[in-house]
>>> print(open('final07.cif').read())   # mmCIF, C-alpha atoms
data_target
#
loop_
_atom_site.label_atom_id
_atom_site.label_comp_id
_atom_site.auth_asym_id
_atom_site.auth_seq_id
_atom_site.Cartn_x
_atom_site.Cartn_y
_atom_site.Cartn_z
CA MET E 360 -27.03 4.32 -32.08
CA SER E 361 -26.17 4.78 -28.42
CA LYS E 362 -23.41 7.16 -27.50
CA TYR E 363 -24.52 6.60 -23.94
CA LEU E 364 -23.78 2.87 -24.10
CA LEU E 365 -20.40 3.41 -25.76
CA ASN E 366 -19.56 5.79 -22.93
CA LYS E 367 -20.83 3.31 -20.36
CA PHE E 368 -18.52 0.64 -21.74
CA LEU E 369 -15.51 2.97 -21.68
CA PHE E 370 -16.42 4.25 -18.20
CA THR E 371 -16.91 0.86 -16.56
CA VAL E 372 -13.87 -0.78 -18.16
CA ASP E 373 -11.55 2.14 -17.44
CA ARG E 374 -12.38 2.09 -13.75
CA ASP E 375 -11.67 -1.63 -13.24
CA PRO E 376 -8.00 -2.69 -13.44
CA ASP E 377 -8.88 -6.28 -14.36
CA LEU E 378 -11.23 -5.19 -17.12
CA VAL E 379 -8.60 -2.82 -18.53
CA GLU E 380 -6.21 -5.77 -18.97
CA ARG E 381 -8.92 -8.05 -20.27
CA TYR E 382 -10.05 -5.50 -22.87
CA ARG E 383 -6.44 -4.91 -23.95
CA ALA E 384 -5.78 -8.63 -24.42
CA GLU E 385 -9.13 -9.86 -25.75
CA PRO E 386 -11.13 -6.92 -27.06
CA ARG E 387 -13.80 -8.78 -29.01
CA ALA E 388 -14.50 -11.33 -26.32
CA THR E 389 -14.58 -8.62 -23.66
CA VAL E 390 -17.07 -6.53 -25.63
CA GLU E 391 -19.32 -9.56 -26.15
CA TRP E 392 -19.15 -10.50 -22.47
CA TRP E 393 -19.78 -6.91 -21.38
CA GLU E 394 -22.77 -6.44 -23.66
CA SER E 395 -24.40 -9.66 -22.44
CA THR E 396 -23.75 -9.21 -18.72
CA TYR E 397 -22.99 -5.58 -17.95
CA ALA E 398 -24.66 -3.27 -20.47
CA ASN E 399 -27.99 -3.19 -18.67
CA ARG E 400 -26.73 -2.76 -15.12
CA ILE E 401 -27.95 0.50 -13.60
CA LEU E 402 -24.77 1.73 -12.01
CA GLY E 403 -26.37 3.97 -9.41
CA CYS E 404 -28.86 1.33 -8.19
CA HIS E 405 -28.72 -1.54 -5.75
CA ALA E 406 -27.38 -4.75 -7.28
CA GLY E 407 -30.04 -6.75 -9.01
CA GLU E 408 -31.89 -3.87 -10.64
CA SER E 409 -31.31 -3.63 -14.37
CA SER E 410 -32.57 -2.06 -17.56
CA THR E 411 -33.89 -4.20 -20.40
CA TRP E 412 -33.17 -2.32 -23.61
CA LEU E 413 -29.52 -1.41 -23.98
CA SER E 414 -27.41 -2.90 -26.79
CA PHE E 415 -24.78 -1.80 -29.29
CA ASP E 416 -25.44 -1.53 -32.99
CA ASP E 417 -23.04 -3.38 -35.31
CA THR E 418 -20.88 -0.33 -36.00
CA GLU E 419 -20.39 0.45 -32.33
CA ARG E 420 -19.67 -3.15 -31.40
CA GLU E 421 -17.09 -3.46 -34.18
CA ALA E 422 -15.36 -0.20 -33.23
CA LEU E 423 -14.98 -1.38 -29.64
CA ALA E 424 -13.98 -4.91 -30.66
CA THR E 425 -11.17 -3.60 -32.88
CA HIS E 426 -9.86 -0.92 -30.49
CA ASP E 427 -10.69 1.59 -33.23
CA TYR E 428 -10.48 4.84 -31.27
CA PRO E 429 -10.67 7.14 -34.33
CA ARG E 430 -13.98 5.46 -35.14
CA LEU E 431 -15.18 5.91 -31.56
CA PHE E 432 -14.38 9.62 -31.92
CA GLU E 433 -16.44 9.77 -35.13
CA LEU E 434 -19.33 8.01 -33.38
CA GLY E 435 -19.45 10.70 -30.70
CA ALA E 436 -18.08 8.70 -27.79
CA HIS E 437 -16.87 11.06 -25.06
CA PRO E 438 -13.24 11.86 -26.01
CA PHE E 439 -12.08 12.02 -22.39
CA LEU E 440 -13.33 8.51 -21.68
CA THR E 441 -11.80 7.08 -24.84
CA LEU E 442 -8.47 8.80 -24.29
CA THR E 443 -8.19 7.78 -20.65
CA LEU E 444 -8.90 4.11 -21.29
CA PHE E 445 -6.67 3.84 -24.35
CA ILE E 446 -3.80 5.53 -22.51
CA ALA E 447 -4.26 2.92 -19.77
CA MET E 448 -4.02 0.12 -22.32
CA PHE E 449 -1.36 1.33 -24.74
CA GLU E 450 0.80 4.07 -23.24
CA ARG E 451 3.07 1.31 -21.90
CA ASP E 452 4.00 0.28 -25.45
CA HIS E 453 5.40 3.71 -26.40
CA PRO E 454 8.03 6.20 -25.23
CA PRO E 455 6.75 8.98 -22.94
CA LEU E 456 3.89 10.88 -24.62
CA GLY E 457 4.43 8.75 -27.73
CA PHE E 458 0.99 7.20 -27.59
CA GLN E 459 -0.72 10.53 -26.97
CA THR E 460 0.93 12.11 -30.01
CA GLU E 461 0.19 9.08 -32.19
CA TYR E 462 -3.42 9.33 -31.04
CA ALA E 463 -3.51 12.95 -32.22
CA ARG E 464 -1.95 11.98 -35.55
CA ARG E 465 -4.55 9.30 -36.18
CA LEU E 466 -7.25 11.95 -35.71
CA ALA E 467 -5.43 14.60 -37.77
CA HIS E 468 -7.99 14.37 -40.58
CA VAL E 469 -10.79 15.56 -38.30
CA ARG E 470 -12.09 19.09 -38.86
CA LEU E 471 -14.37 21.31 -36.80
CA PRO E 472 -17.09 20.93 -35.85
CA TYR E 473 -16.24 17.66 -34.16
CA PRO E 474 -18.94 14.99 -33.82
CA ASP E 475 -21.57 15.87 -31.25
CA ILE E 476 -20.92 14.14 -27.92
CA ALA E 477 -24.25 15.05 -26.30
CA THR E 478 -26.06 12.00 -24.97
CA MET A 457 -20.42 37.17 9.36
CA ALA A 458 -17.74 35.18 7.59
CA GLU A 459 -15.11 37.02 5.61
CA VAL A 460 -13.90 36.11 2.14
CA VAL A 461 -10.16 36.59 2.54
CA ALA A 462 -9.00 35.32 -0.86
CA VAL A 463 -10.48 34.37 -4.20
CA ILE A 464 -8.23 32.09 -6.22
CA ALA A 465 -8.59 30.67 -9.72
CA SER A 466 -6.18 28.36 -11.47
CA THR A 467 -5.76 25.57 -13.92
CA HIS A 468 -5.56 22.07 -12.44
CA HIS A 469 -2.78 20.25 -14.21
CA PRO A 470 -2.82 16.65 -12.99
CA PHE A 471 0.85 16.12 -13.91
CA TYR A 472 2.13 18.73 -11.45
CA TYR A 473 2.36 16.29 -8.55
CA ARG A 474 4.45 13.78 -10.49
CA ALA A 475 6.62 16.46 -12.15
CA SER A 476 7.30 18.27 -8.89
CA THR A 477 8.23 15.13 -6.95
CA ALA A 478 10.31 13.46 -9.67
CA THR A 479 14.07 13.31 -9.21
CA GLY A 480 17.12 12.56 -11.35
CA ALA A 481 16.50 11.49 -14.93
CA GLU A 482 12.78 11.26 -14.22
CA ARG A 483 12.48 14.98 -13.50
CA PRO A 484 11.22 16.89 -16.56
CA PRO A 485 13.15 20.02 -17.61
CA PHE A 486 10.20 22.30 -16.93
CA ALA A 487 9.69 21.07 -13.35
CA ASP A 488 11.92 23.48 -11.43
CA GLU A 489 10.35 26.61 -12.90
CA TRP A 490 6.90 25.13 -12.46
CA VAL A 491 7.59 24.46 -8.77
CA ARG A 492 8.90 27.99 -8.33
CA LYS A 493 5.72 29.45 -9.79
CA VAL A 494 3.48 27.21 -7.71
CA MET A 495 5.35 28.07 -4.51
CA ALA A 496 4.84 31.78 -5.20
CA PHE A 497 1.17 31.14 -5.97
CA ARG A 498 0.83 29.13 -2.74
CA GLU A 499 2.06 32.10 -0.75
CA THR A 500 -0.92 34.14 -1.98
CA LEU A 501 -3.23 31.76 -0.14
CA THR A 502 -1.02 31.33 2.90
CA ARG A 503 -0.83 35.06 3.56
CA ALA A 504 -4.65 35.30 3.62
CA ARG A 505 -4.72 32.95 6.65
CA PRO A 506 -7.93 31.10 5.72
CA ASP A 507 -9.86 28.84 8.09
CA VAL A 508 -12.08 27.21 5.46
CA LEU A 509 -11.76 26.52 1.73
CA VAL A 510 -14.67 26.50 -0.71
CA MET A 511 -13.36 24.41 -3.60
CA VAL A 512 -14.96 24.72 -7.05
CA GLY A 513 -14.16 22.00 -9.56
CA SER A 514 -15.68 19.41 -11.87
CA ASP A 515 -15.90 15.66 -11.58
CA HIS A 516 -14.28 13.90 -14.54
CA PHE A 517 -16.72 10.97 -14.79
CA HIS A 518 -15.58 9.51 -11.52
CA GLN A 519 -18.49 9.49 -9.10
CA LEU A 520 -20.92 11.45 -11.27
CA TRP A 521 -22.22 9.58 -14.28
CA LEU A 522 -24.63 9.98 -17.16
CA ASP A 523 -27.46 8.06 -15.48
CA ASN A 524 -27.88 10.89 -12.97
CA MET A 525 -25.87 13.97 -13.88
CA PRO A 526 -26.20 17.14 -11.79
CA GLN A 527 -25.35 20.54 -13.26
CA PHE A 528 -24.23 22.09 -9.97
CA LEU A 529 -23.63 20.04 -6.84
CA ILE A 530 -22.42 20.87 -3.35
CA GLY A 531 -20.88 18.29 -1.06
CA LYS A 532 -22.14 18.10 2.50
CA ALA A 533 -20.16 15.54 4.42
CA PRO A 534 -17.76 15.41 7.36
CA PHE A 535 -15.02 13.93 5.17
CA TYR A 536 -14.19 13.55 1.50
CA ASP A 537 -12.01 10.74 0.30
CA ALA A 538 -10.13 11.84 -2.74
CA ASN A 539 -8.62 10.68 -6.02
CA PHE A 540 -9.50 7.58 -7.95
CA TYR A 541 -7.75 4.49 -9.26
CA ASN A 542 -7.44 5.84 -12.79
CA GLU A 543 -5.89 9.08 -11.45
CA GLU A 544 -3.30 7.07 -9.54
CA ARG A 545 -2.67 5.04 -12.68
CA GLU A 546 -2.33 7.91 -15.17
CA PHE A 547 -1.09 10.81 -13.06
CA GLY A 548 0.48 9.17 -10.01
CA LEU A 549 -1.83 11.12 -7.70
CA PRO A 550 -1.96 9.98 -4.07
CA ARG A 551 -5.07 8.92 -2.18
CA MET A 552 -6.14 11.71 0.19
CA VAL A 553 -8.83 12.48 2.76
CA CYS A 554 -10.12 16.01 3.26
CA GLN A 555 -12.16 17.24 6.19
CA GLY A 556 -15.54 18.82 5.41
CA GLN A 557 -17.16 22.00 6.76
CA GLU A 558 -20.77 20.86 6.96
CA ASP A 559 -22.18 24.07 8.46
CA LEU A 560 -21.03 26.07 5.46
CA SER A 561 -22.22 23.34 3.09
CA ALA A 562 -25.68 23.46 4.66
CA HIS A 563 -25.72 27.26 4.44
CA LEU A 564 -24.74 27.29 0.76
CA LEU A 565 -27.34 24.63 -0.07
CA ARG A 566 -30.25 26.24 1.78
CA GLU A 567 -29.52 29.79 0.72
CA GLY A 568 -28.47 28.76 -2.78
CA LEU A 569 -31.77 26.96 -3.33
CA ASP A 570 -33.63 30.01 -2.07
CA ALA A 571 -31.58 32.22 -4.40
CA GLY A 572 -32.80 30.30 -7.45
CA PHE A 573 -30.13 27.62 -7.96
CA ASP A 574 -31.58 24.11 -7.82
CA LEU A 575 -28.42 22.66 -6.35
CA ALA A 576 -27.84 18.93 -6.08
CA PHE A 577 -26.06 17.65 -3.02
CA SER A 578 -24.01 14.66 -1.97
CA ASN A 579 -23.47 13.26 1.51
CA GLU A 580 -20.80 10.82 0.33
CA LEU A 581 -18.60 12.42 -2.29
CA ARG A 582 -15.21 11.24 -3.42
CA ILE A 583 -13.47 14.22 -4.93
CA ASP A 584 -11.12 14.07 -7.89
CA HIS A 585 -8.11 15.97 -9.21
CA SER A 586 -10.07 19.12 -10.05
CA ILE A 587 -10.13 19.73 -6.28
CA THR A 588 -7.10 17.78 -5.10
CA CYS A 589 -4.70 19.46 -7.55
CA PRO A 590 -5.25 22.90 -5.98
CA ILE A 591 -4.94 21.35 -2.52
CA ILE A 592 -1.59 19.88 -3.61
CA THR A 593 -0.42 23.16 -5.13
CA LEU A 594 -1.91 25.65 -2.65
CA ARG A 595 -2.31 23.82 0.67
CA PRO A 596 -0.33 20.59 0.55
CA GLN A 597 -0.60 20.12 4.31
CA ASN A 598 -4.33 19.56 3.65
CA ASP A 599 -5.22 20.88 7.10
CA LEU A 600 -8.31 22.99 6.37
CA PRO A 601 -11.94 21.88 6.09
CA ILE A 602 -13.48 22.24 2.65
CA VAL A 603 -16.81 22.64 0.89
CA PRO A 604 -16.67 21.05 -2.57
CA VAL A 605 -18.73 22.65 -5.33
CA TYR A 606 -18.96 20.65 -8.53
CA THR A 607 -20.02 22.06 -11.88
CA ASN A 608 -20.84 20.21 -15.09
CA ILE A 609 -18.41 21.37 -17.77
CA PHE A 610 -18.08 17.88 -19.15
CA ALA A 611 -21.32 16.17 -20.15
CA PRO A 612 -23.61 18.17 -22.44
CA PRO A 613 -26.15 19.66 -22.22
CA LEU A 614 -24.24 22.16 -20.06
CA PRO A 615 -25.46 25.30 -18.31
CA GLN A 616 -24.81 28.56 -20.16
CA PRO A 617 -21.62 30.53 -19.37
CA LYS A 618 -23.64 33.34 -17.77
CA ARG A 619 -25.06 30.80 -15.32
CA PHE A 620 -21.55 30.02 -14.10
CA VAL A 621 -20.93 33.74 -13.56
CA GLN A 622 -24.24 34.08 -11.72
CA LEU A 623 -23.45 31.13 -9.48
CA GLY A 624 -20.07 32.64 -8.68
CA ARG A 625 -21.65 35.93 -7.67
CA THR A 626 -24.16 34.07 -5.51
CA ILE A 627 -21.51 31.93 -3.81
CA ARG A 628 -19.64 35.09 -2.90
CA GLU A 629 -22.78 36.64 -1.38
CA LEU A 630 -23.71 33.48 0.46
CA VAL A 631 -20.28 32.97 1.99
CA GLU A 632 -20.36 36.57 3.18
CA SER A 633 -23.77 35.96 4.76
CA TRP A 634 -22.64 32.82 6.62
CA PRO A 635 -23.15 33.50 10.32
CA SER A 636 -19.64 32.62 11.36
CA ARG A 637 -16.48 34.50 12.15
CA GLN A 638 -14.33 32.26 10.00
CA ARG A 639 -12.02 33.37 7.22
CA VAL A 640 -12.97 31.74 3.93
CA ALA A 641 -10.96 31.36 0.75
CA ILE A 642 -12.89 30.51 -2.40
CA ILE A 643 -10.76 28.51 -4.82
CA GLY A 644 -11.81 27.28 -8.25
CA THR A 645 -10.02 25.46 -11.03
CA GLY A 646 -10.70 25.07 -14.71
CA HIS A 647 -8.90 25.22 -18.02
CA LEU A 648 -7.86 27.66 -20.66
CA SER A 649 -7.84 26.17 -24.18
CA LEU A 650 -7.58 22.41 -23.93
CA GLU A 651 -7.97 19.42 -26.22
CA LEU A 652 -8.41 15.89 -24.88
CA GLY A 653 -8.89 12.89 -27.12
CA GLY A 654 -8.76 14.96 -30.31
CA PRO A 655 -6.27 15.90 -33.05
CA ARG A 656 -4.96 18.99 -31.26
CA GLN A 657 -4.05 17.26 -28.00
CA PHE A 658 -0.58 17.19 -26.42
CA GLY A 659 0.97 19.76 -28.74
CA PRO A 660 3.95 21.94 -27.77
CA HIS A 661 1.56 24.59 -26.37
CA GLY A 662 -2.11 24.78 -25.54
CA PRO A 663 -4.27 24.26 -28.65
CA ASP A 664 -5.21 27.96 -28.99
CA PRO A 665 -2.64 30.45 -27.62
CA GLU A 666 -4.72 33.39 -28.87
CA PHE A 667 -7.72 32.24 -26.84
CA ASP A 668 -5.43 31.79 -23.84
CA ARG A 669 -4.12 35.33 -24.21
CA LYS A 670 -7.64 36.74 -24.31
CA ALA A 671 -8.78 34.55 -21.44
CA VAL A 672 -5.94 35.69 -19.20
CA GLU A 673 -6.83 39.30 -20.06
CA TRP A 674 -10.52 38.79 -19.23
CA ILE A 675 -9.74 37.11 -15.93
CA SER A 676 -6.95 39.40 -14.78
CA THR A 677 -8.99 42.55 -15.51
CA GLY A 678 -12.31 41.17 -14.28
CA ASP A 679 -13.84 41.82 -17.69
CA ILE A 680 -16.94 39.70 -17.23
CA GLU A 681 -18.94 41.70 -19.75
CA GLY A 682 -16.32 41.32 -22.47
CA CYS A 683 -15.91 37.64 -21.72
CA LEU A 684 -19.65 36.94 -21.82
CA ALA A 685 -19.92 38.87 -25.09
CA GLU A 686 -17.52 36.46 -26.80
CA VAL A 687 -17.89 33.16 -25.00
CA THR A 688 -20.79 30.84 -25.78
CA LEU A 689 -21.31 27.11 -25.44
CA ASP A 690 -20.70 26.86 -29.20
CA SER A 691 -17.67 29.15 -29.31
CA LEU A 692 -15.88 27.12 -26.64
CA HIS A 693 -15.56 24.21 -29.08
CA LEU A 694 -13.21 26.26 -31.26
CA PRO A 695 -10.18 26.66 -28.94
CA GLY A 696 -10.19 22.93 -28.06
CA ASN A 697 -12.73 20.24 -27.31
CA ALA A 698 -12.25 20.39 -23.51
CA THR A 699 -12.28 24.20 -23.27
CA HIS A 700 -15.70 24.27 -21.61
CA GLY A 701 -13.68 23.95 -18.40
CA PHE A 702 -13.03 27.66 -18.90
CA MET A 703 -16.53 28.22 -17.50
CA ASP A 704 -15.17 27.43 -14.04
CA PHE A 705 -12.84 30.40 -14.50
CA MET A 706 -15.91 32.44 -15.43
CA LEU A 707 -17.57 31.27 -12.21
CA MET A 708 -14.53 32.51 -10.31
CA MET A 709 -14.70 35.86 -12.11
CA GLY A 710 -18.23 36.07 -10.74
CA VAL A 711 -16.90 35.35 -7.25
CA ALA A 712 -14.20 38.00 -7.61
CA GLY A 713 -16.59 40.64 -8.91
CA ASP A 714 -17.25 42.72 -12.03
CA GLY A 715 -14.30 44.82 -13.05
CA ARG A 716 -12.20 43.51 -10.18
CA LYS A 717 -8.59 43.27 -11.27
CA ALA A 718 -6.66 40.29 -9.97
CA ASP A 719 -4.03 41.13 -7.37
CA TYR A 720 -1.77 38.31 -8.52
CA VAL A 721 -1.42 36.92 -12.04
CA ASP A 722 1.01 34.36 -13.36
CA THR A 723 1.09 31.95 -16.29
CA TYR A 724 3.31 29.14 -17.49
CA ASP A 725 3.34 27.97 -21.07
CA LEU A 726 3.66 24.19 -20.95
CA PHE A 727 3.23 21.48 -23.54
CA HIS A 728 -0.44 20.60 -23.93
CA THR A 729 -1.79 23.57 -21.96
CA MET A 730 -1.18 27.04 -20.61
CA GLU A 731 -1.08 27.12 -16.83
CA ALA A 732 -2.65 30.19 -15.22
CA TYR A 733 -2.80 31.42 -11.63
CA PHE A 734 -4.90 34.29 -10.26
CA THR A 735 -5.55 35.64 -6.77
CA TRP A 736 -7.86 38.42 -5.62
CA TYR A 737 -7.89 39.89 -2.11
CA PRO A 738 -11.32 41.36 -1.35
CA ASP A 739 -9.81 43.57 1.33
CA GLY A 740 -7.33 44.93 -1.17
CA GLY A 741 -4.16 43.91 0.57
CA GLY A 742 -4.33 40.30 1.57
CA GLY A 743 -3.58 38.86 4.94
CA SER A 744 -4.65 41.93 6.86
#
>>> encode(input="final07.cif", output="structure tokens")
Amino acid sequence: MSKYLLNKFLFTVDRDPDLVERYRAEPRATVEWWESTYANRILGCHAGESSTWLSFDDTEREALATHDYPRLFELGAHPFLTLTLFIAMFERDHPPLGFQTEYARRLAHVRLPYPDIAT
Amino acid sequence: MAEVVAVIASTHHPFYYRASTATGAERPPFADEWVRKVMAFRETLTRARPDVLVMVGSDHFHQLWLDNMPQFLIGKAPFYDANFYNEEREFGLPRMVCQGQEDLSAHLLREGLDAGFDLAFSNELRIDHSITCPIITLRPQNDLPIVPVYTNIFAPPLPQPKRFVQLGRTIRELVESWPSRQRVAIIGTGHLSLELGGPRQFGPHGPDPEFDRKAVEWISTGDIEGCLAEVTLDSLHLPGNATHGFMDFMLMMGVAGDGRKADYVDTYDLFHTMEAYFTWYPDGGGGS
């Protein structure tokens, strides 16, 4: 399990307007493309330097591919990253603050302590 | 030596800019009172007549990332571009450029390292809303050079709360030992109770009004000892999952000093979060 890689997906998609739209429209295809081409990029390095070992497990891949943000919360993805990206994708489909309150409702079953987000 | 002419701590609500500039049907009902409070808060900085601003905040996974995450970082650059695409998108924040004060940055880095803080630094730092929000609220003309100080309240493992207090005390000492005749305001922003991406987010108030009440009491009375006795990295999960941002308020309590009552205190109970504004004048009066 890699909370780090989940966060890296959320981080890199959220900060690219084209990827935000692509992930909204085609989540499964975007996750597959990202894992095969982007997951091992070292973001703070010169282009061309990569890692060799990063990949999602099946649970993580499925959660991302189905836009399942409650599941991402349970898996320990960083809540700020998840919230920010999902607001970018779905706030437009709701009245003001409607998506944010629905988001809270879908997590209403969660009790303290929340899943550990340390990476 | 330089003089610390004001110490200021506040929340950094990214929606203030949009709420305060909205007109007609777009203007939320709480905007006018919010603007009134911010204008009064702004006056507490203006009257101190600062030349330089030390700005304490926290990057929200913008430039700083998990492949190389500093705990405490000081910017040292002639300029700082500011705000990011996703802050424009979600909050409507404008792109900005701030001027840097590199001499003070160099002084804080050298002396901070020698004082036992292994500070990271950045010579090309794009700052985010934790620093631009207080510029928008307190100094919208953006005409003063800054020294950004970033803390990690976001990506565990985090430093302990007492370390934030210690860094605040040290920053105060180091600014006062800066061989310059400039007037320095030290401004830091954080959160009271806050939930982001969890079940308690975006409620009618902050997620834990009782924590907020205690926090305002600790800050406004300078009760560092009482605050440190109750606040731990574990306890901060209870009021809301983003409440570790309160440690930046603790840093500012360290800057202000043990037992030092704030000279100006105001709060505003909004949906989602309690806004809080504090100013201390080290010379007792402000603007003298």
>>> interface_residues(input="final07.cif", of="chain A", to="chain E", cutoff="6 Å", atoms="only C-alpha atoms", output="list in words")
Pro612, Leu652, Gly653, Gly654 and Pro655 of chain A
>>> residues_around(input="final07.cif", residues="stretch 701-715 of chain A", least_positions_apart="3", cutoff="8 Å", atoms="all atoms listed in the file", output="PyMOL selection string")
chain A and resi 463-466+512-513+607+609-610+617+620-628+642-649+675+677-681+698+736+738
>>> atom_distance(input="final07.cif", atom1="atom CA of E:Trp392", atom2="atom CA of A:Glu546")
26.0 Å
>>> closest_residue(input="final07.cif", among="E:Asp416, E:Glu421, E:Leu365, E:Ser409", to="E:Thr396", atoms="all atoms listed in the file")
E:Ser409
>>> resolve_selection(input="final07.cif", expression="the PyMOL selection byres ((chain A and resi 606) around 10)", output="list in words")
Met511, Val512, Gly513, Ser514, Asp515, Leu520, Pro526, Gln527, Phe528, Leu529, Ile530, Gly531, Leu575, Ala576, Phe577, Ile583, Ser586, Ile587, Val603, Pro604, Val605, Thr607, Asn608, Ile609, Gly644 and Asp704 of chain A
>>> residues_around(input="final07.cif", residues="A:Arg498", least_positions_apart="5", cutoff="12 Å", atoms="all atoms listed in the file", output="MDAnalysis selection string")
chainID A and resid 462 464:466 491:493 503:505 590:597 643 720 722 733:735
>>> atom_distance(input="final07.cif", atom1="atom CA of A:Ala718", atom2="atom CA of A:Pro635")
27.0 Å
>>> closest_residue(input="final07.cif", among="E:Asn399, E:Asp452, E:Ser414, E:Thr389", to="A:Asp523", atoms="only C-alpha atoms")
E:Asn399
>>> closest_residue(input="final07.cif", among="A:Glu499, A:Trp521, A:Leu509, A:Thr479", to="E:Thr371", atoms="only C-alpha atoms")
A:Trp521
